[in-house]
$ cat data37.cif   # mmCIF, C-alpha atoms and all ligand atoms
data_query
#
loop_
_atom_site.label_atom_id
_atom_site.label_comp_id
_atom_site.auth_asym_id
_atom_site.auth_seq_id
_atom_site.Cartn_x
_atom_site.Cartn_y
_atom_site.Cartn_z
CA MET U 19 -10.93 -1.55 15.30
CA ALA U 20 -9.83 -4.57 13.24
CA THR U 21 -6.75 -6.32 14.67
CA PHE U 22 -4.81 -9.50 14.00
CA ASP U 23 -6.42 -11.24 17.02
CA SER U 24 -9.93 -10.49 15.79
CA LEU U 25 -9.36 -12.25 12.44
CA PRO U 26 -10.54 -15.84 11.82
CA SER U 27 -7.77 -18.30 12.73
CA GLN U 28 -7.39 -19.44 9.11
CA GLN U 29 -6.54 -15.88 8.05
CA GLN U 30 -4.16 -15.46 11.00
CA GLU U 31 -2.32 -18.61 9.94
CA LEU U 32 -1.97 -17.44 6.34
CA ILE U 33 -0.65 -14.06 7.42
CA LYS U 34 1.89 -15.76 9.72
CA LYS U 35 2.89 -18.11 6.92
CA HIS U 36 3.53 -15.11 4.68
CA LEU U 37 5.79 -13.59 7.35
CA ASP U 38 7.70 -16.88 7.66
CA LEU U 39 8.17 -16.95 3.88
CA VAL U 40 9.42 -13.33 3.94
CA ILE U 41 11.93 -14.06 6.70
CA GLU U 42 13.13 -17.18 4.87
CA ALA U 43 13.48 -15.37 1.50
CA ASN U 44 15.24 -12.50 3.24
CA LYS U 45 18.15 -14.80 4.08
CA THR U 46 19.16 -14.90 0.42
CA MET U 47 17.89 -11.56 -0.86
CA ASN U 48 17.37 -8.05 0.48
CA LEU U 49 13.60 -7.79 0.92
CA THR U 50 13.19 -6.09 4.28
CA ARG U 51 15.40 -4.99 7.18
CA ILE U 52 13.16 -6.93 9.61
CA ASP U 53 14.49 -10.43 10.21
CA THR U 54 12.71 -11.83 13.29
CA VAL U 55 9.15 -13.10 13.67
CA GLU U 56 8.62 -10.95 16.76
CA GLU U 57 9.56 -7.72 15.01
CA GLY U 58 7.73 -8.79 11.86
CA MET U 59 4.49 -9.44 13.76
CA LEU U 60 4.57 -5.86 15.02
CA LEU U 61 6.10 -3.80 12.22
CA HIS U 62 4.79 -5.77 9.25
CA VAL U 63 1.65 -7.64 10.29
CA GLU U 64 0.07 -5.45 12.96
CA ASP U 65 1.07 -2.31 11.12
CA SER U 66 -0.34 -3.52 7.79
CA LEU U 67 -3.70 -4.33 9.37
CA VAL U 68 -4.05 -0.83 10.82
CA GLY U 69 -5.51 0.29 7.48
CA LEU U 70 -8.08 -2.52 7.26
CA ASP U 71 -10.91 -0.35 8.58
CA GLU U 72 -10.19 2.26 5.91
CA LEU U 73 -10.00 -0.43 3.22
CA ASN U 74 -13.31 -1.94 4.33
CA GLN U 75 -14.93 1.46 3.90
CA ALA U 76 -13.94 1.70 0.22
CA PRO U 77 -16.57 0.78 -2.39
CA ASP U 78 -16.64 -2.86 -3.58
CA GLY U 79 -13.99 -3.68 -6.17
CA LEU U 80 -10.34 -4.05 -6.99
CA TYR U 81 -7.61 -3.16 -4.46
CA GLY U 82 -3.94 -2.45 -5.24
CA ASP U 83 -0.83 -1.99 -3.07
CA LEU U 84 1.60 0.52 -4.59
CA GLY U 85 5.31 -0.26 -3.99
CA THR U 86 4.45 -3.44 -2.10
CA GLY U 87 8.02 -4.69 -1.49
CA ALA U 88 7.70 -7.99 0.40
CA GLY U 89 3.89 -7.68 0.26
CA TYR U 90 3.20 -5.14 3.02
CA PRO U 91 0.55 -4.01 3.61
CA GLY U 92 -0.88 -5.73 0.49
CA ILE U 93 -0.83 -9.41 1.46
CA PRO U 94 -2.26 -9.12 5.00
CA LEU U 95 -4.94 -6.73 3.70
CA ALA U 96 -5.82 -9.04 0.79
CA ILE U 97 -6.19 -11.96 3.21
CA ALA U 98 -8.19 -10.00 5.78
CA SER U 99 -10.46 -8.23 3.29
CA GLY U 100 -10.92 -11.02 0.74
CA ARG U 101 -10.68 -8.44 -2.05
CA GLU U 102 -9.24 -9.09 -5.47
CA THR U 103 -5.76 -7.57 -5.15
CA THR U 104 -2.84 -6.39 -7.29
CA LEU U 105 0.59 -6.16 -5.67
CA ILE U 106 2.50 -3.51 -7.61
CA ASP U 107 6.26 -3.08 -7.54
CA ALA U 108 8.72 -1.50 -9.94
CA ARG U 109 11.28 -4.27 -9.29
CA LEU U 110 10.77 -7.56 -11.11
CA LYS U 111 12.99 -9.30 -8.56
CA LYS U 112 10.40 -8.49 -5.88
CA THR U 113 7.29 -9.45 -7.86
CA LEU U 114 8.85 -12.81 -8.77
CA VAL U 115 9.26 -13.61 -5.07
CA LEU U 116 5.71 -12.39 -4.47
CA ASP U 117 4.40 -14.73 -7.20
CA HIS U 118 6.03 -17.58 -5.28
CA PHE U 119 4.44 -16.40 -1.98
CA ILE U 120 1.01 -16.15 -3.65
CA GLU U 121 1.28 -19.74 -4.81
CA GLU U 122 2.49 -21.03 -1.45
CA LEU U 123 -0.36 -19.23 0.31
CA GLY U 124 -3.01 -20.55 -2.07
CA LEU U 125 -4.00 -17.03 -3.14
CA VAL U 126 -3.74 -17.56 -6.90
CA GLY U 127 -6.93 -16.21 -8.49
CA GLN U 128 -7.45 -13.58 -5.79
CA VAL U 129 -4.03 -11.92 -5.64
CA SER U 130 -1.71 -11.13 -8.57
CA THR U 131 1.38 -9.02 -9.17
CA PHE U 132 2.32 -6.25 -11.55
CA ALA U 133 6.03 -5.77 -12.26
CA GLY U 134 6.47 -2.13 -13.18
CA ARG U 135 5.89 1.37 -11.96
CA ALA U 136 2.44 2.53 -10.92
CA GLU U 137 2.61 5.02 -13.81
CA LEU U 138 2.87 2.15 -16.29
CA LEU U 139 -0.02 0.24 -14.73
CA ALA U 140 -2.15 3.39 -15.05
CA LYS U 141 -1.87 3.10 -18.83
CA THR U 142 -3.50 -0.33 -19.01
CA ARG U 143 -5.69 -0.22 -15.90
CA SER U 144 -6.86 3.36 -15.90
CA LYS U 145 -9.64 4.01 -13.32
CA ARG U 146 -9.97 0.34 -12.42
CA TYR U 147 -9.21 0.48 -8.68
CA VAL U 148 -11.51 1.40 -5.79
CA ALA U 149 -8.75 1.31 -3.17
CA LEU U 150 -4.97 1.70 -3.12
CA THR U 151 -2.49 1.57 -0.25
CA ALA U 152 1.07 2.82 0.01
CA ARG U 153 3.56 2.35 2.84
CA ALA U 154 7.14 3.67 2.84
CA LEU U 155 6.90 4.67 -0.81
CA SER U 156 6.89 8.46 -1.10
CA LYS U 157 5.50 11.79 0.03
CA LEU U 158 1.73 12.34 0.12
CA SER U 159 1.63 14.55 -2.98
CA VAL U 160 3.57 11.94 -4.98
CA LEU U 161 1.25 9.18 -3.79
CA MET U 162 -1.78 11.25 -4.84
CA GLU U 163 -0.32 11.75 -8.30
CA LEU U 164 0.46 8.04 -8.72
CA ALA U 165 -2.95 6.96 -7.40
CA SER U 166 -5.31 9.35 -9.18
CA PRO U 167 -5.21 7.85 -12.70
CA LEU U 168 -5.66 4.32 -11.29
CA LEU U 169 -8.67 5.16 -9.12
CA LYS U 170 -12.33 5.21 -10.03
CA LYS U 171 -14.32 8.19 -8.85
CA GLY U 172 -15.14 7.55 -5.19
CA GLY U 173 -12.02 5.36 -4.84
CA ILE U 174 -9.72 5.76 -1.84
CA LEU U 175 -5.94 6.12 -1.43
CA ILE U 176 -4.80 4.92 2.01
CA CYS U 177 -1.38 6.31 3.00
CA TYR U 178 0.63 4.74 5.84
CA LYS U 179 2.79 7.44 7.38
CA ALA U 180 5.10 7.91 10.36
CA GLN U 181 6.04 11.54 10.90
CA VAL U 182 4.51 14.00 8.47
CA ASP U 183 5.76 17.58 8.50
CA ASP U 184 3.57 20.59 7.78
CA GLU U 185 5.16 21.10 4.38
CA GLU U 186 4.16 17.61 3.24
CA ILE U 187 0.55 18.25 4.30
CA SER U 188 0.44 21.67 2.65
CA ASN U 189 1.87 20.26 -0.59
CA ALA U 190 -0.81 17.57 -0.57
CA LYS U 191 -3.53 20.17 -0.04
CA ARG U 192 -2.06 22.38 -2.77
CA ILE U 193 -2.43 19.71 -5.47
CA GLU U 194 -5.87 18.39 -4.43
CA GLU U 195 -7.71 20.09 -7.31
CA LEU U 196 -4.99 19.38 -9.83
CA VAL U 197 -5.15 15.61 -9.25
CA GLY U 198 -8.89 15.48 -8.48
CA MET U 199 -8.44 14.10 -4.96
CA THR U 200 -9.34 15.43 -1.55
CA ILE U 201 -8.33 14.49 1.98
CA ASN U 202 -10.93 12.11 3.40
CA SER U 203 -9.67 11.00 6.83
CA ASP U 204 -6.64 11.36 9.08
CA ARG U 205 -5.90 9.50 12.30
CA THR U 206 -2.83 8.83 14.42
CA LEU U 207 -2.35 5.83 16.67
CA LYS U 208 0.31 3.82 18.48
CA LEU U 209 1.06 0.18 17.74
CA SER U 210 0.87 -2.35 20.61
CA ASP U 211 4.49 -1.70 21.62
CA ASN U 212 3.16 1.70 22.78
CA GLU U 213 6.05 3.34 20.96
CA THR U 214 5.64 3.14 17.21
CA THR U 215 3.47 5.97 15.96
CA ARG U 216 1.42 5.43 12.83
CA ARG U 217 -0.63 7.98 10.94
CA ILE U 218 -3.19 6.87 8.37
CA ILE U 219 -4.25 9.56 5.92
CA THR U 220 -6.76 8.79 3.20
CA PHE U 221 -7.69 10.70 0.05
CA LYS U 222 -10.78 10.24 -2.06
CA LYS U 223 -10.86 10.68 -5.84
CA ILE U 224 -13.68 13.11 -6.49
CA ASN U 225 -12.89 14.43 -9.98
CA GLU U 226 -10.79 13.73 -13.03
CA PRO U 227 -7.32 15.32 -12.77
CA LYS U 228 -6.89 18.77 -14.32
CA THR U 229 -3.51 17.77 -15.73
CA LYS U 230 -2.61 14.79 -17.90
CA LEU U 231 -1.79 11.80 -15.69
CA PRO U 232 0.20 9.63 -15.54
CA ARG U 233 3.19 11.75 -16.46
CA GLN U 234 6.25 10.08 -17.94
CA GLU U 235 7.58 7.27 -15.73
CA GLY U 236 9.67 8.50 -12.82
CA MET U 237 8.56 12.13 -13.04
CA ALA U 238 6.20 11.97 -10.04
CA GLN U 239 9.07 11.06 -7.75
CA LYS U 240 11.81 13.10 -9.49
CA LYS U 241 9.88 16.32 -10.06
CA PRO U 242 6.83 16.39 -7.77
CA LEU U 243 3.91 18.55 -8.91
N1 LIG D 301 5.50 -1.20 1.05
C1 LIG D 301 6.64 -1.99 1.46
C2 LIG D 301 7.93 -1.66 0.70
C3 LIG D 301 8.41 -0.24 0.78
S1 LIG D 301 9.91 0.05 -0.11
C4 LIG D 301 6.83 -1.87 2.96
O1 LIG D 301 6.32 -0.93 3.54
O2 LIG D 301 7.50 -2.72 3.55
C5 LIG D 301 9.26 0.85 -1.58
C6 LIG D 301 9.00 -0.09 -2.73
O3 LIG D 301 8.34 0.64 -3.75
C7 LIG D 301 10.24 -0.71 -3.37
O4 LIG D 301 10.08 -2.11 -3.41
C8 LIG D 301 10.28 -0.08 -4.77
O5 LIG D 301 10.76 -1.00 -5.75
C9 LIG D 301 8.85 0.28 -5.03
N2 LIG D 301 8.58 1.46 -5.89
C10 LIG D 301 9.19 2.68 -5.87
N3 LIG D 301 8.62 3.52 -6.75
C11 LIG D 301 7.60 2.83 -7.36
C12 LIG D 301 6.65 3.15 -8.38
N4 LIG D 301 6.62 4.35 -8.96
N5 LIG D 301 5.77 2.20 -8.75
C13 LIG D 301 5.82 0.96 -8.19
N6 LIG D 301 6.70 0.60 -7.23
C14 LIG D 301 7.58 1.52 -6.82
#
$ encode --input "data37.cif" --output "structure tokens"
Amino acid sequence: MATFDSLPSQQQELIKKHLDLVIEANKTMNLTRIDTVEEGMLLHVEDSLVGLDELNQAPDGLYGDLGTGAGYPGIPLAIASGRETTLIDARLKKTLVLDHFIEELGLVGQVSTFAGRAELLAKTRSKRYVALTARALSKLSVLMELASPLLKKGGILICYKAQVDDEEISNAKRIEELVGMTINSDRTLKLSDNETTRRIITFKKINEPKTKLPRQEGMAQKKPL
């Protein structure tokens, strides 16, 4: 399994520098509730990298992080995978800070931001992505709806989850055909504190959706399919 310690030291340093920038920016704006390096190394860095194996299994091409916030898991995964990356967030305030991070980290050219909802991006970059991630954004069925119009056939949605109840899983299964995606992998693990449980569920786009996507902005979250 890919971990922080197994990355080349140059990548480790960049990922640490990103965390330092996040903690510094967090002093003047509300980016994340995590405000120490120790906690950040576990709950941001280590956690983000949990999905690297899944990302590496996606076909070659463009990767996007939906609802990226301070750049998690998008920035560590961009650094560790070397993929061309879009960090997507509905809040301009967040993408402006991310633009500053990208410059400080020397990632201009590889990593860029999109200020707007995933539904809006789907209008201009329909079926352009081979991999998408989402952490702490929404329920599985909502993530599937947001991801489907952005993904190429064969593309993967990687969902970072904590607890998932049966209803969330059954709702995801119920809309598989409608959104043209099917569950592809599912694993549960503990982070190195031996306490934090993480579940990584991936979906593969196998068909075009049977309903028109994206719906109007906000609908996916307000009135789930
Ligand atoms: N992924 C980060 C941040 C989670 S908070 C982390 O795990 O730390 C969720 C973020 O998603 C917020 O920054 C919010 O602005 C953004 N967001 C919510 N709905 C969105 C949508 N439809 N499209 C893009 N971004 C969205």
$ closest_atom_pairs --input "data37.cif" --of "chain U" --to "ligand LIG 301 (chain D)" --cutoff "8 Å" --atoms "only C-alpha atoms and all ligand atoms" --output "CSV"
residue,atom,partner,partner_atom,distance
U:Leu49,CA,D:LIG301,O4,8.0
U:Thr50,CA,D:LIG301,O2,6.7
U:His62,CA,D:LIG301,O2,7.0
U:Asp83,CA,D:LIG301,N1,7.6
U:Leu84,CA,D:LIG301,C13,5.6
U:Gly85,CA,D:LIG301,O3,3.2
U:Thr86,CA,D:LIG301,N1,4.0
U:Gly87,CA,D:LIG301,C2,3.7
U:Ala88,CA,D:LIG301,O2,6.1
U:Gly89,CA,D:LIG301,C1,6.4
U:Tyr90,CA,D:LIG301,C4,4.9
U:Pro91,CA,D:LIG301,N1,6.2
U:Gly92,CA,D:LIG301,N1,7.8
U:Ile106,CA,D:LIG301,C13,5.6
U:Asp107,CA,D:LIG301,N6,3.7
U:Ala108,CA,D:LIG301,N6,4.0
U:Arg109,CA,D:LIG301,O5,4.8
U:Lys112,CA,D:LIG301,O4,6.8
U:Ala133,CA,D:LIG301,C13,7.9
U:Gly134,CA,D:LIG301,C13,5.9
U:Arg135,CA,D:LIG301,N5,3.3
U:Ala136,CA,D:LIG301,N5,4.0
U:Glu137,CA,D:LIG301,N4,6.3
U:Ala152,CA,D:LIG301,N1,6.1
U:Arg153,CA,D:LIG301,O1,4.3
U:Ala154,CA,D:LIG301,C3,4.6
U:Leu155,CA,D:LIG301,C5,4.6
U:Ser156,CA,D:LIG301,N3,7.7
U:Leu164,CA,D:LIG301,N4,7.2
U:Glu235,CA,D:LIG301,N4,7.4
U:Gly236,CA,D:LIG301,N4,6.4
U:Ala238,CA,D:LIG301,N4,7.7
U:Gln239,CA,D:LIG301,N4,7.2
$ residues_around --input "data37.cif" --residues "Leu150 in chain U" --least-positions-apart "3" --cutoff "6 Å" --atoms "all atoms listed in the file" --output "list in words"
Tyr81, Gly82, Asp83 and Leu175 of chain U
$ closest_residue --input "data37.cif" --among "U:Asn189, U:Gln30, U:Ser144, U:Gln128" --to "Met162 in chain U" --atoms "only C-alpha atoms"
U:Asn189
$ closest_residue --input "data37.cif" --among "U:Leu123, U:Val68, U:Met59, U:Val160" --to "Gln29 in chain U" --atoms "only C-alpha atoms"
U:Leu123
$ residues_around --input "data37.cif" --residues "Lys141 in chain U" --least-positions-apart "6" --cutoff "10 Å" --atoms "only C-alpha atoms" --output "PyMOL selection string"
chain U and resi 167-168+231-232
$ write_last_selection --input "data37.cif" --atoms "C-alpha atoms" --output "PDB file, keeping the file's coordinate frame"
ATOM      1  CA  PRO U 167      -5.210   7.850 -12.700  1.00  0.00           C
ATOM      2  CA  LEU U 168      -5.660   4.320 -11.290  1.00  0.00           C
ATOM      3  CA  LEU U 231      -1.790  11.800 -15.690  1.00  0.00           C
ATOM      4  CA  PRO U 232       0.200   9.630 -15.540  1.00  0.00           C
TER       5      PRO U 232
END
$ build_atoms --input "data37.cif" --residues "range 94-118 of chain U" --atoms "N, CA, C and O atoms" --output "PDB file, in the frame of the given file"
ATOM      1  N   PRO U  94      -1.323  -9.028   3.870  1.00  0.00           N
ATOM      2  CA  PRO U  94      -2.260  -9.120   5.000  1.00  0.00           C
ATOM      3  C   PRO U  94      -3.623  -8.491   4.700  1.00  0.00           C
ATOM      4  O   PRO U  94      -4.655  -9.049   5.082  1.00  0.00           O
ATOM      5  N   LEU U  95      -3.642  -7.374   4.001  1.00  0.00           N
ATOM      6  CA  LEU U  95      -4.940  -6.730   3.700  1.00  0.00           C
ATOM      7  C   LEU U  95      -5.750  -7.546   2.701  1.00  0.00           C
ATOM      8  O   LEU U  95      -6.980  -7.602   2.803  1.00  0.00           O
ATOM      9  N   ALA U  96      -5.087  -8.174   1.745  1.00  0.00           N
ATOM     10  CA  ALA U  96      -5.820  -9.040   0.790  1.00  0.00           C
ATOM     11  C   ALA U  96      -6.458 -10.195   1.549  1.00  0.00           C
ATOM     12  O   ALA U  96      -7.632 -10.523   1.346  1.00  0.00           O
ATOM     13  N   ILE U  97      -5.684 -10.812   2.443  1.00  0.00           N
ATOM     14  CA  ILE U  97      -6.190 -11.960   3.210  1.00  0.00           C
ATOM     15  C   ILE U  97      -7.347 -11.533   4.108  1.00  0.00           C
ATOM     16  O   ILE U  97      -8.399 -12.174   4.144  1.00  0.00           O
ATOM     17  N   ALA U  98      -7.166 -10.417   4.810  1.00  0.00           N
ATOM     18  CA  ALA U  98      -8.190 -10.000   5.780  1.00  0.00           C
ATOM     19  C   ALA U  98      -9.439  -9.427   5.127  1.00  0.00           C
ATOM     20  O   ALA U  98     -10.520  -9.491   5.695  1.00  0.00           O
ATOM     21  N   SER U  99      -9.300  -8.865   3.939  1.00  0.00           N
ATOM     22  CA  SER U  99     -10.460  -8.230   3.290  1.00  0.00           C
ATOM     23  C   SER U  99     -11.127  -9.163   2.278  1.00  0.00           C
ATOM     24  O   SER U  99     -12.289  -8.970   1.930  1.00  0.00           O
ATOM     25  N   GLY U 100     -10.389 -10.138   1.776  1.00  0.00           N
ATOM     26  CA  GLY U 100     -10.920 -11.020   0.740  1.00  0.00           C
ATOM     27  C   GLY U 100     -11.042 -10.360  -0.623  1.00  0.00           C
ATOM     28  O   GLY U 100     -11.567 -10.951  -1.563  1.00  0.00           O
ATOM     29  N   ARG U 101     -10.544  -9.139  -0.766  1.00  0.00           N
ATOM     30  CA  ARG U 101     -10.680  -8.440  -2.050  1.00  0.00           C
ATOM     31  C   ARG U 101      -9.733  -8.980  -3.116  1.00  0.00           C
ATOM     32  O   ARG U 101      -8.621  -9.428  -2.812  1.00  0.00           O
ATOM     33  N   GLU U 102     -10.153  -8.838  -4.365  1.00  0.00           N
ATOM     34  CA  GLU U 102      -9.240  -9.090  -5.470  1.00  0.00           C
ATOM     35  C   GLU U 102      -8.151  -8.015  -5.398  1.00  0.00           C
ATOM     36  O   GLU U 102      -8.457  -6.826  -5.236  1.00  0.00           O
ATOM     37  N   THR U 103      -6.887  -8.447  -5.494  1.00  0.00           N
ATOM     38  CA  THR U 103      -5.760  -7.570  -5.150  1.00  0.00           C
ATOM     39  C   THR U 103      -4.656  -7.612  -6.191  1.00  0.00           C
ATOM     40  O   THR U 103      -4.330  -8.681  -6.703  1.00  0.00           O
ATOM     41  N   THR U 104      -4.068  -6.449  -6.488  1.00  0.00           N
ATOM     42  CA  THR U 104      -2.840  -6.390  -7.290  1.00  0.00           C
ATOM     43  C   THR U 104      -1.706  -5.863  -6.426  1.00  0.00           C
ATOM     44  O   THR U 104      -1.835  -4.791  -5.826  1.00  0.00           O
ATOM     45  N   LEU U 105      -0.612  -6.608  -6.379  1.00  0.00           N
ATOM     46  CA  LEU U 105       0.590  -6.160  -5.670  1.00  0.00           C
ATOM     47  C   LEU U 105       1.518  -5.544  -6.707  1.00  0.00           C
ATOM     48  O   LEU U 105       1.975  -6.232  -7.628  1.00  0.00           O
ATOM     49  N   ILE U 106       1.779  -4.251  -6.570  1.00  0.00           N
ATOM     50  CA  ILE U 106       2.500  -3.510  -7.610  1.00  0.00           C
ATOM     51  C   ILE U 106       3.899  -3.146  -7.115  1.00  0.00           C
ATOM     52  O   ILE U 106       4.048  -2.545  -6.045  1.00  0.00           O
ATOM     53  N   ASP U 107       4.909  -3.530  -7.891  1.00  0.00           N
ATOM     54  CA  ASP U 107       6.260  -3.080  -7.540  1.00  0.00           C
ATOM     55  C   ASP U 107       7.093  -2.893  -8.799  1.00  0.00           C
ATOM     56  O   ASP U 107       7.038  -3.705  -9.730  1.00  0.00           O
ATOM     57  N   ALA U 108       7.900  -1.827  -8.790  1.00  0.00           N
ATOM     58  CA  ALA U 108       8.720  -1.500  -9.940  1.00  0.00           C
ATOM     59  C   ALA U 108       9.788  -2.559 -10.205  1.00  0.00           C
ATOM     60  O   ALA U 108      10.281  -2.685 -11.328  1.00  0.00           O
ATOM     61  N   ARG U 109      10.156  -3.326  -9.170  1.00  0.00           N
ATOM     62  CA  ARG U 109      11.280  -4.270  -9.290  1.00  0.00           C
ATOM     63  C   ARG U 109      10.788  -5.688  -9.556  1.00  0.00           C
ATOM     64  O   ARG U 109      10.140  -6.307  -8.713  1.00  0.00           O
ATOM     65  N   LEU U 110      11.166  -6.207 -10.712  1.00  0.00           N
ATOM     66  CA  LEU U 110      10.770  -7.560 -11.110  1.00  0.00           C
ATOM     67  C   LEU U 110      11.252  -8.609 -10.102  1.00  0.00           C
ATOM     68  O   LEU U 110      10.551  -9.575  -9.802  1.00  0.00           O
ATOM     69  N   LYS U 111      12.441  -8.372  -9.541  1.00  0.00           N
ATOM     70  CA  LYS U 111      12.990  -9.300  -8.560  1.00  0.00           C
ATOM     71  C   LYS U 111      12.002  -9.502  -7.394  1.00  0.00           C
ATOM     72  O   LYS U 111      11.827 -10.591  -6.881  1.00  0.00           O
ATOM     73  N   LYS U 112      11.354  -8.401  -7.008  1.00  0.00           N
ATOM     74  CA  LYS U 112      10.400  -8.490  -5.880  1.00  0.00           C
ATOM     75  C   LYS U 112       9.101  -9.171  -6.298  1.00  0.00           C
ATOM     76  O   LYS U 112       8.580 -10.009  -5.561  1.00  0.00           O
ATOM     77  N   THR U 113       8.580  -8.842  -7.479  1.00  0.00           N
ATOM     78  CA  THR U 113       7.290  -9.450  -7.860  1.00  0.00           C
ATOM     79  C   THR U 113       7.445 -10.954  -8.132  1.00  0.00           C
ATOM     80  O   THR U 113       6.507 -11.702  -7.928  1.00  0.00           O
ATOM     81  N   LEU U 114       8.647 -11.374  -8.561  1.00  0.00           N
ATOM     82  CA  LEU U 114       8.850 -12.810  -8.770  1.00  0.00           C
ATOM     83  C   LEU U 114       8.780 -13.566  -7.438  1.00  0.00           C
ATOM     84  O   LEU U 114       8.191 -14.639  -7.350  1.00  0.00           O
ATOM     85  N   VAL U 115       9.356 -12.989  -6.395  1.00  0.00           N
ATOM     86  CA  VAL U 115       9.260 -13.610  -5.070  1.00  0.00           C
ATOM     87  C   VAL U 115       7.805 -13.593  -4.599  1.00  0.00           C
ATOM     88  O   VAL U 115       7.312 -14.570  -4.026  1.00  0.00           O
ATOM     89  N   LEU U 116       7.116 -12.487  -4.871  1.00  0.00           N
ATOM     90  CA  LEU U 116       5.710 -12.390  -4.470  1.00  0.00           C
ATOM     91  C   LEU U 116       4.857 -13.446  -5.185  1.00  0.00           C
ATOM     92  O   LEU U 116       3.954 -14.033  -4.579  1.00  0.00           O
ATOM     93  N   ASP U 117       5.147 -13.692  -6.465  1.00  0.00           N
ATOM     94  CA  ASP U 117       4.400 -14.730  -7.200  1.00  0.00           C
ATOM     95  C   ASP U 117       4.553 -16.079  -6.499  1.00  0.00           C
ATOM     96  O   ASP U 117       3.593 -16.842  -6.386  1.00  0.00           O
ATOM     97  N   HIS U 118       5.764 -16.341  -6.011  1.00  0.00           N
ATOM     98  CA  HIS U 118       6.030 -17.580  -5.280  1.00  0.00           C
ATOM     99  C   HIS U 118       5.235 -17.607  -3.961  1.00  0.00           C
ATOM    100  O   HIS U 118       4.594 -18.608  -3.623  1.00  0.00           O
TER     101      HIS U 118
END
